[in-house]
>>> print(open('start.txt').read())   # compact mmCIF, C-alpha atoms and all ligand atoms
# COMPACT_ATOMS: atom_id res chain seq x y z
CA MET A 87 -195.11 101.06 192.12
CA PRO A 88 -196.80 104.34 191.18
CA ILE A 89 -195.94 107.34 193.29
CA ASN A 90 -198.83 109.28 194.74
CA GLU A 91 -198.23 112.85 195.76
CA ILE A 92 -200.51 115.18 197.61
CA VAL A 93 -199.58 118.70 196.59
CA PHE A 94 -200.34 121.27 199.24
CA ASP A 95 -199.67 124.30 197.09
CA TYR A 96 -202.57 126.23 195.73
CA VAL A 97 -203.22 124.89 192.25
CA PRO A 98 -205.45 127.21 190.24
CA ASP A 99 -206.87 124.61 187.92
CA PHE A 100 -210.14 122.87 187.35
CA ASP A 101 -211.47 119.86 189.16
CA LYS A 102 -213.53 117.44 187.20
CA ILE A 103 -215.51 114.46 188.28
CA VAL A 104 -216.15 112.01 185.50
CA GLU A 105 -219.21 109.82 185.95
CA SER A 106 -218.38 106.75 183.93
CA GLU A 107 -221.98 105.58 183.53
CA ASN A 108 -223.28 108.55 181.60
CA ASP A 109 -220.16 110.58 180.80
CA MET A 110 -221.42 113.41 182.95
CA GLU A 111 -218.61 115.74 183.99
CA LEU A 112 -218.70 117.63 187.25
CA LYS A 113 -216.18 120.43 187.41
CA SER A 114 -215.13 122.14 190.57
CA SER A 115 -212.56 124.64 191.71
CA TYR A 116 -211.23 126.10 194.91
CA VAL A 117 -209.38 129.13 196.13
CA VAL A 118 -207.56 130.12 199.33
CA GLU A 119 -207.84 133.81 200.20
CA ASN A 120 -206.61 136.02 203.00
CA LEU A 121 -208.92 138.43 204.81
CA ARG A 122 -208.38 141.10 202.16
CA GLY A 123 -209.43 138.72 199.44
CA ASP A 124 -205.94 138.18 198.01
CA VAL A 125 -205.24 134.69 196.74
CA VAL A 126 -202.53 133.07 198.80
CA GLN A 127 -200.23 130.17 198.03
CA THR A 128 -199.15 128.67 201.28
CA HIS A 129 -199.72 125.84 203.71
CA VAL A 130 -202.87 126.47 205.61
CA ASN A 131 -204.80 124.41 208.10
CA TRP A 132 -207.33 124.83 210.87
CA LYS A 133 -205.96 125.48 214.32
CA TRP A 134 -208.97 124.13 216.07
CA ALA A 135 -209.65 123.62 219.76
CA LYS A 136 -209.36 120.02 220.85
CA ASP A 137 -212.65 118.19 221.35
CA SER A 138 -214.61 121.19 220.12
CA PRO A 139 -217.23 120.47 217.45
CA ILE A 140 -217.23 122.57 214.29
CA ASN A 141 -220.53 123.86 212.98
CA VAL A 142 -221.44 123.15 209.36
CA SER A 143 -224.52 124.96 208.05
CA VAL A 144 -226.23 123.67 204.92
CA LEU A 145 -228.32 126.19 203.00
CA ASN A 146 -231.15 125.49 200.54
CA THR A 147 -231.72 121.90 201.63
CA HIS A 148 -235.17 122.08 200.03
CA LEU A 149 -233.36 121.53 196.71
CA ILE A 150 -232.30 117.99 197.63
CA ASN A 151 -234.13 114.88 198.75
CA ASP A 152 -233.47 112.79 201.85
CA GLU A 153 -231.21 110.37 200.00
CA GLN A 154 -229.03 113.23 198.74
CA MET A 155 -228.91 114.79 202.20
CA ASP A 156 -227.85 111.46 203.72
CA SER A 157 -225.09 111.10 201.13
CA LEU A 158 -223.90 114.66 201.80
CA LYS A 159 -223.69 113.91 205.52
CA ASP A 160 -222.03 110.54 204.94
CA ALA A 161 -219.14 112.13 203.01
CA ILE A 162 -218.37 114.18 206.12
CA LEU A 163 -219.52 112.06 209.06
CA SER A 164 -218.98 108.45 208.06
CA MET A 165 -216.62 106.48 210.27
CA ASP A 166 -216.74 103.49 207.91
CA GLU A 167 -213.61 101.90 206.57
CA ILE A 168 -213.52 100.13 203.23
CA THR A 169 -210.87 97.64 202.20
CA LEU A 170 -210.08 97.67 198.49
CA ASP A 171 -207.86 95.49 196.38
CA ASP A 172 -204.66 97.33 195.40
CA PHE A 173 -204.42 95.54 192.09
CA SER A 174 -207.68 96.91 190.72
CA LEU A 175 -206.49 100.42 191.67
CA HIS A 176 -203.07 99.86 190.07
CA LYS A 177 -201.37 100.33 193.43
CA GLY A 178 -199.99 96.88 194.13
CA PRO A 179 -199.93 93.19 193.35
CA LYS A 180 -202.95 90.92 193.43
CA GLY A 181 -203.94 90.04 196.97
CA SER A 182 -202.64 93.22 198.62
CA THR A 183 -205.21 95.61 199.99
CA SER A 184 -205.55 99.16 201.32
CA VAL A 185 -208.00 100.63 203.78
CA TYR A 186 -210.05 103.68 202.78
CA ASN A 187 -212.35 105.95 204.75
CA SER A 188 -215.75 106.88 203.39
CA GLY A 189 -216.05 110.04 205.50
CA TRP A 190 -213.74 112.78 206.76
CA GLN A 191 -214.70 112.40 210.40
CA GLY A 192 -213.36 108.87 210.23
CA ALA A 193 -210.27 110.00 208.33
CA VAL A 194 -209.46 112.74 210.84
CA THR A 195 -209.87 110.25 213.67
CA GLN A 196 -207.22 108.09 211.97
CA ILE A 197 -204.47 110.66 212.48
CA GLY A 198 -204.97 110.69 216.25
CA ASP A 199 -204.43 113.35 218.87
CA ASN A 200 -200.73 113.99 218.53
CA THR A 201 -200.53 116.43 215.64
CA LEU A 202 -199.01 119.88 216.22
CA TYR A 203 -202.24 121.59 215.16
CA VAL A 204 -205.71 120.25 215.82
CA PRO A 205 -207.99 119.58 212.85
CA PRO A 206 -211.75 119.75 213.32
CA SER A 207 -212.80 116.19 214.11
CA THR A 208 -216.44 116.47 215.12
CA PHE A 209 -218.72 118.00 212.52
CA ASN A 210 -222.09 119.35 213.63
CA ILE A 211 -224.12 119.52 210.41
CA PHE A 212 -227.40 121.41 210.43
CA GLU A 213 -229.84 122.97 208.00
CA SER A 214 -229.97 126.75 208.02
CA ASP A 215 -231.32 129.79 206.20
CA ILE A 216 -228.17 131.80 206.83
CA ALA A 217 -224.45 131.18 206.35
CA GLU A 218 -223.59 130.44 209.97
CA GLY A 219 -220.90 128.24 211.47
CA SER A 220 -217.26 127.94 210.44
CA ILE A 221 -218.12 125.82 207.41
CA VAL A 222 -220.94 126.76 205.04
CA ILE A 223 -222.33 124.51 202.34
CA LEU A 224 -224.47 126.45 199.89
CA LEU A 225 -226.65 124.34 197.61
CA GLU A 226 -227.58 126.04 194.35
CA SER A 227 -230.00 124.94 191.65
CA GLY A 228 -228.48 127.32 189.14
CA SER A 229 -225.35 126.81 187.08
CA HIS A 230 -222.03 128.51 187.62
CA PRO A 231 -221.14 130.64 184.57
CA ASP A 232 -217.97 128.61 184.06
CA GLY A 233 -219.72 125.31 184.51
CA TYR A 234 -218.41 124.42 187.93
CA THR A 235 -220.37 121.96 190.00
CA GLY A 236 -218.36 122.43 193.18
CA TYR A 237 -216.36 125.36 194.49
CA THR A 238 -214.54 125.77 197.79
CA LYS A 239 -213.16 129.01 199.17
CA ASN A 240 -211.13 129.05 202.36
CA THR A 241 -210.61 132.34 204.16
CA VAL A 242 -207.26 132.36 205.97
CA ASP A 243 -205.25 134.60 208.27
CA ASN A 244 -201.67 133.82 209.30
CA ASN A 245 -201.82 130.43 207.62
CA GLU A 246 -204.89 129.50 209.63
CA ILE A 247 -208.18 128.63 207.99
CA LEU A 248 -210.89 130.73 209.62
CA LYS A 249 -213.88 129.88 207.47
CA SER A 250 -214.74 127.60 204.58
CA TYR A 251 -217.43 128.13 201.96
CA VAL A 252 -218.45 125.23 199.74
CA THR A 253 -220.89 125.88 196.92
CA ILE A 254 -222.50 123.03 194.98
CA TYR A 255 -224.16 124.11 191.72
CA ASP A 256 -226.89 122.29 189.76
CA VAL A 257 -227.44 120.28 192.91
CA ASP A 258 -230.90 119.07 191.89
CA SER A 259 -229.41 117.30 188.87
CA LEU A 260 -226.84 115.34 190.91
CA SER A 261 -227.39 111.76 191.97
CA ALA A 262 -226.87 110.96 195.63
CA SER A 263 -223.56 109.26 194.84
CA GLN A 264 -222.34 112.20 192.75
CA LEU A 265 -223.18 114.59 195.56
CA ASN A 266 -221.37 112.29 197.99
CA THR A 267 -218.27 112.29 195.79
CA ILE A 268 -218.11 116.01 195.20
CA ILE A 269 -218.71 116.82 198.89
CA MET A 270 -215.96 114.35 199.84
CA HIS A 271 -213.56 116.04 197.38
CA GLU A 272 -214.47 119.57 198.45
CA PHE A 273 -214.09 118.67 202.14
CA GLY A 274 -210.53 117.64 201.41
CA HIS A 275 -210.04 121.28 200.41
CA VAL A 276 -212.02 122.46 203.45
CA LEU A 277 -209.51 120.67 205.69
CA GLY A 278 -206.61 122.22 203.77
CA LEU A 279 -205.61 119.60 201.23
CA ALA A 280 -204.89 120.54 197.65
CA HIS A 281 -204.67 118.12 194.74
CA SER A 282 -203.10 114.72 194.28
CA THR A 283 -201.09 113.78 191.22
CA ASP A 284 -202.49 110.24 191.34
CA PRO A 285 -205.29 109.87 188.76
CA GLU A 286 -207.02 107.28 190.98
CA ASP A 287 -207.06 109.56 194.02
CA LEU A 288 -210.08 111.35 195.45
CA MET A 289 -208.09 114.60 195.40
CA TYR A 290 -206.99 114.29 191.79
CA PRO A 291 -208.45 117.14 189.71
CA VAL A 292 -210.27 114.59 187.54
CA ILE A 293 -212.21 112.22 189.73
CA LYS A 294 -213.48 108.90 188.53
CA THR A 295 -216.36 107.88 190.70
CA ASP A 296 -215.46 104.18 190.83
CA TYR A 297 -213.48 104.52 194.08
CA PRO A 298 -214.39 107.88 195.61
CA TYR A 299 -212.92 107.23 199.03
CA ILE A 300 -210.32 108.82 201.29
CA SER A 301 -207.05 106.97 200.78
CA GLU A 302 -204.27 106.20 203.25
CA CYS A 303 -202.27 108.76 201.27
CA ASN A 304 -204.91 111.43 201.89
CA VAL A 305 -204.76 110.62 205.61
CA ASP A 306 -200.94 110.80 205.55
CA ALA A 307 -201.15 114.18 203.82
CA LEU A 308 -203.64 115.42 206.38
CA GLU A 309 -201.39 114.29 209.20
CA ALA A 310 -198.39 116.04 207.62
CA LEU A 311 -200.40 119.22 207.10
CA TYR A 312 -201.50 119.28 210.74
CA ASN A 313 -197.95 118.65 211.88
CA GLY A 314 -197.04 121.93 210.18
CA ASN A 315 -195.02 120.09 207.59
CA THR A 316 -193.29 122.62 205.39
CA ARG A 317 -192.65 120.25 202.53
CA THR A 318 -194.89 120.88 199.58
CA THR A 319 -195.63 117.26 198.86
CA VAL A 320 -196.25 113.99 200.60
CA VAL A 321 -195.03 111.01 198.65
CA CYS A 322 -196.90 107.84 199.41
CA GLU A 323 -195.67 104.34 198.96
CA LYS A 324 -198.80 103.28 197.12
ZN ZN B 1 -210.32 120.11 193.88
>>> encode(input="start.txt", output="structure tokens", more="lines below")
Ligand SMILES: [Zn+2]
Amino acid sequence: MPINEIVFDYVPDFDKIVESENDMELKSSYVVENLRGDVVQTHVNWKWAKDSPINVSVLNTHLINDEQMDSLKDAILSMDEITLDDFSLHKGPKGSTSVYNSGWQGAVTQIGDNTLYVPPSTFNIFESDIAEGSIVILLESGSHPDGYTGYTKNTVDNNEILKSYVTIYDVDSLSASQLNTIIMHEFGHVLGLAHSTDPEDLMYPVIKTDYPYISECNVDALEALYNGNTRTTVVCEK
């Protein structure tokens, strides 16, 4: 059975999302910085207050339509679970299945209340003209000089994430499902996850959009991260 690892270390490489229908590639990147702007390589998470909502401001929403905005929100807020066949994902024999989440609020709820540190679990998403709230999503119509579509920067102090900035470039050229996928990937970084070594995983640097959902392995990695796990990887059984 293939081994799936979530690597928590900062990995300074490129993310790509491959859209199989039209071969469109969406590249993204992320960085974790301390307050001075130095790049850090460590295990960082939010140390959030229990039951406290986290504010997520979305800037330049005039660049996207209602369908895109709904798909952006879904990637964060959805509580839906999706059962997929392991065989088609090369994770198990025919007939075995795994449960996936289609939004991070649902995924965070999965890990329960007993972790050492508290992840944000209620996301208050609102449109804004200024970068307010602990999480900022900046929508841009222009291109990044290096061709990124998504970019996440976490500002940290003492291994605690204080603020997250997600920028989506060329947003007006993204389909609703592409925007959903890239927001779902970037929010994995927002919550503190790095990349998976499993090519089928949402957090793999090259994302195929066939199954862009949050896996049980992603949830396990999130739980380990918020338990202050000092191991660099989580090895999943499938
Ligand atoms: Zn990434």
>>> atom_distance(input="start.txt", atom1="CA of Gly181 (chain A)", atom2="CA of Ala310 (chain A)")
28.6 Å
>>> closest_residue(input="start.txt", among="A:Lys136, A:Lys159, A:His148, A:Lys177", to="Pro285 (chain A)", atoms="only C-alpha atoms")
A:Lys177
>>> residues_near_point(input="start.txt", point="(-222.7, 122.8, 208.7)", cutoff="12 Å", atoms="all atoms listed in the file", output="VMD selection string")
chain A and resid 139 to 145 147 158 to 159 162 to 163 208 to 225 249 to 252 273 276
>>> atom_distance(input="start.txt", atom1="CA of Gly236 (chain A)", atom2="CA of Ile268 (chain A)")
6.7 Å
>>> closest_atom_pairs(input="start.txt", of="region 221-290 of chain A", to="region 193-202 of chain A", cutoff="12 Å", atoms="all atoms listed in the file", output="JSON lines")
{"residue": "A:Met270", "atom": "CA", "partner": "A:Ala193", "partner_atom": "CA", "distance": 11.1}
{"residue": "A:Phe273", "atom": "CA", "partner": "A:Ala193", "partner_atom": "CA", "distance": 11.3}
{"residue": "A:Gly274", "atom": "CA", "partner": "A:Ala193", "partner_atom": "CA", "distance": 10.3}
{"residue": "A:Leu277", "atom": "CA", "partner": "A:Val194", "partner_atom": "CA", "distance": 9.5}
>>> write_last_selection(input="start.txt", atoms="C-alpha atoms", output="PDB file, in the frame of the given file")
ATOM      1  CA  MET A 270    -215.960 114.350 199.840  1.00  0.00           C
ATOM      2  CA  PHE A 273    -214.090 118.670 202.140  1.00  0.00           C
ATOM      3  CA  GLY A 274    -210.530 117.640 201.410  1.00  0.00           C
ATOM      4  CA  LEU A 277    -209.510 120.670 205.690  1.00  0.00           C
TER       5      LEU A 277
END
>>> atom_distance(input="start.txt", atom1="CA of Glu153 (chain A)", atom2="CA of Ser261 (chain A)")
9.0 Å
>>> closest_residue(input="start.txt", among="A:Ser301, A:Thr283, A:Ser227, A:Thr238", to="ligand ZN 1 (chain B)", atoms="only C-alpha atoms and all ligand atoms")
A:Thr238
>>> closest_residue(input="start.txt", among="A:Glu226, A:Asp306, A:Asp160, A:Glu272", to="Asn146 (chain A)", atoms="only C-alpha atoms")
A:Glu226
>>> residues_around(input="start.txt", residues="Tyr312 (chain A)", least_positions_apart="2", cutoff="7 Å", atoms="only C-alpha atoms", output="list of chain:residue names")
A:Asn131, A:Thr201, A:Leu202, A:Tyr203, A:Val204, A:Pro205, A:Leu308, A:Glu309, A:Ala310, A:Gly314
>>> closest_residue(input="start.txt", among="A:Val305, A:Ala161, A:Val242, A:Ile300", to="Ile269 (chain A)", atoms="only C-alpha atoms")
A:Ala161
>>> closest_residue(input="start.txt", among="A:Tyr255, A:Phe173, A:Tyr290, A:Trp190", to="ligand ZN 1 (chain B)", atoms="all atoms listed in the file")
A:Tyr290
>>> axis_aligned_box(input="start.txt", around="region 218-224 of chain A", padding_each_side="3 Å", output="JSON")
{"center_x": -220.9, "center_y": 127.5, "center_z": 205.7, "size_x": 13.2, "size_y": 11.9, "size_z": 17.6}
>>> closest_residue(input="start.txt", among="A:Ser207, A:Thr235, A:Ser188, A:Asn315", to="Leu260 (chain A)", atoms="only C-alpha atoms")
A:Thr235
>>> residues_around(input="start.txt", residues="Ala262 (chain A)", least_positions_apart="3", cutoff="8 Å", atoms="all atoms listed in the file", output="list in words")
Glu153, Gln154, Met155, Ser157, Leu158, Leu265 and Asn266 of chain A
>>> residues_around(input="start.txt", residues="Leu288 (chain A)", least_positions_apart="2", cutoff="9 Å", atoms="all atoms listed in the file", output="list in words")
Thr267, Met270, His271, Gly274, His281, Ser282, Asp284, Pro285, Glu286, Tyr290, Pro291, Val292, Ile293, Lys294, Thr295, Tyr297, Pro298, Tyr299, Ile300, Ser301 and Asn304 of chain A
>>> residues_near_point(input="start.txt", point="(-203.9, 91.1, 197.0)", cutoff="9 Å", atoms="all atoms listed in the file", output="PDB file with C-alpha atoms, keeping the file's coordinate frame")
ATOM      1  CA  ASP A 171    -207.860  95.490 196.380  1.00  0.00           C
ATOM      2  CA  ASP A 172    -204.660  97.330 195.400  1.00  0.00           C
ATOM      3  CA  PHE A 173    -204.420  95.540 192.090  1.00  0.00           C
ATOM      4  CA  GLY A 178    -199.990  96.880 194.130  1.00  0.00           C
ATOM      5  CA  PRO A 179    -199.930  93.190 193.350  1.00  0.00           C
ATOM      6  CA  LYS A 180    -202.950  90.920 193.430  1.00  0.00           C
ATOM      7  CA  GLY A 181    -203.940  90.040 196.970  1.00  0.00           C
ATOM      8  CA  SER A 182    -202.640  93.220 198.620  1.00  0.00           C
ATOM      9  CA  THR A 183    -205.210  95.610 199.990  1.00  0.00           C
TER      10      THR A 183
END
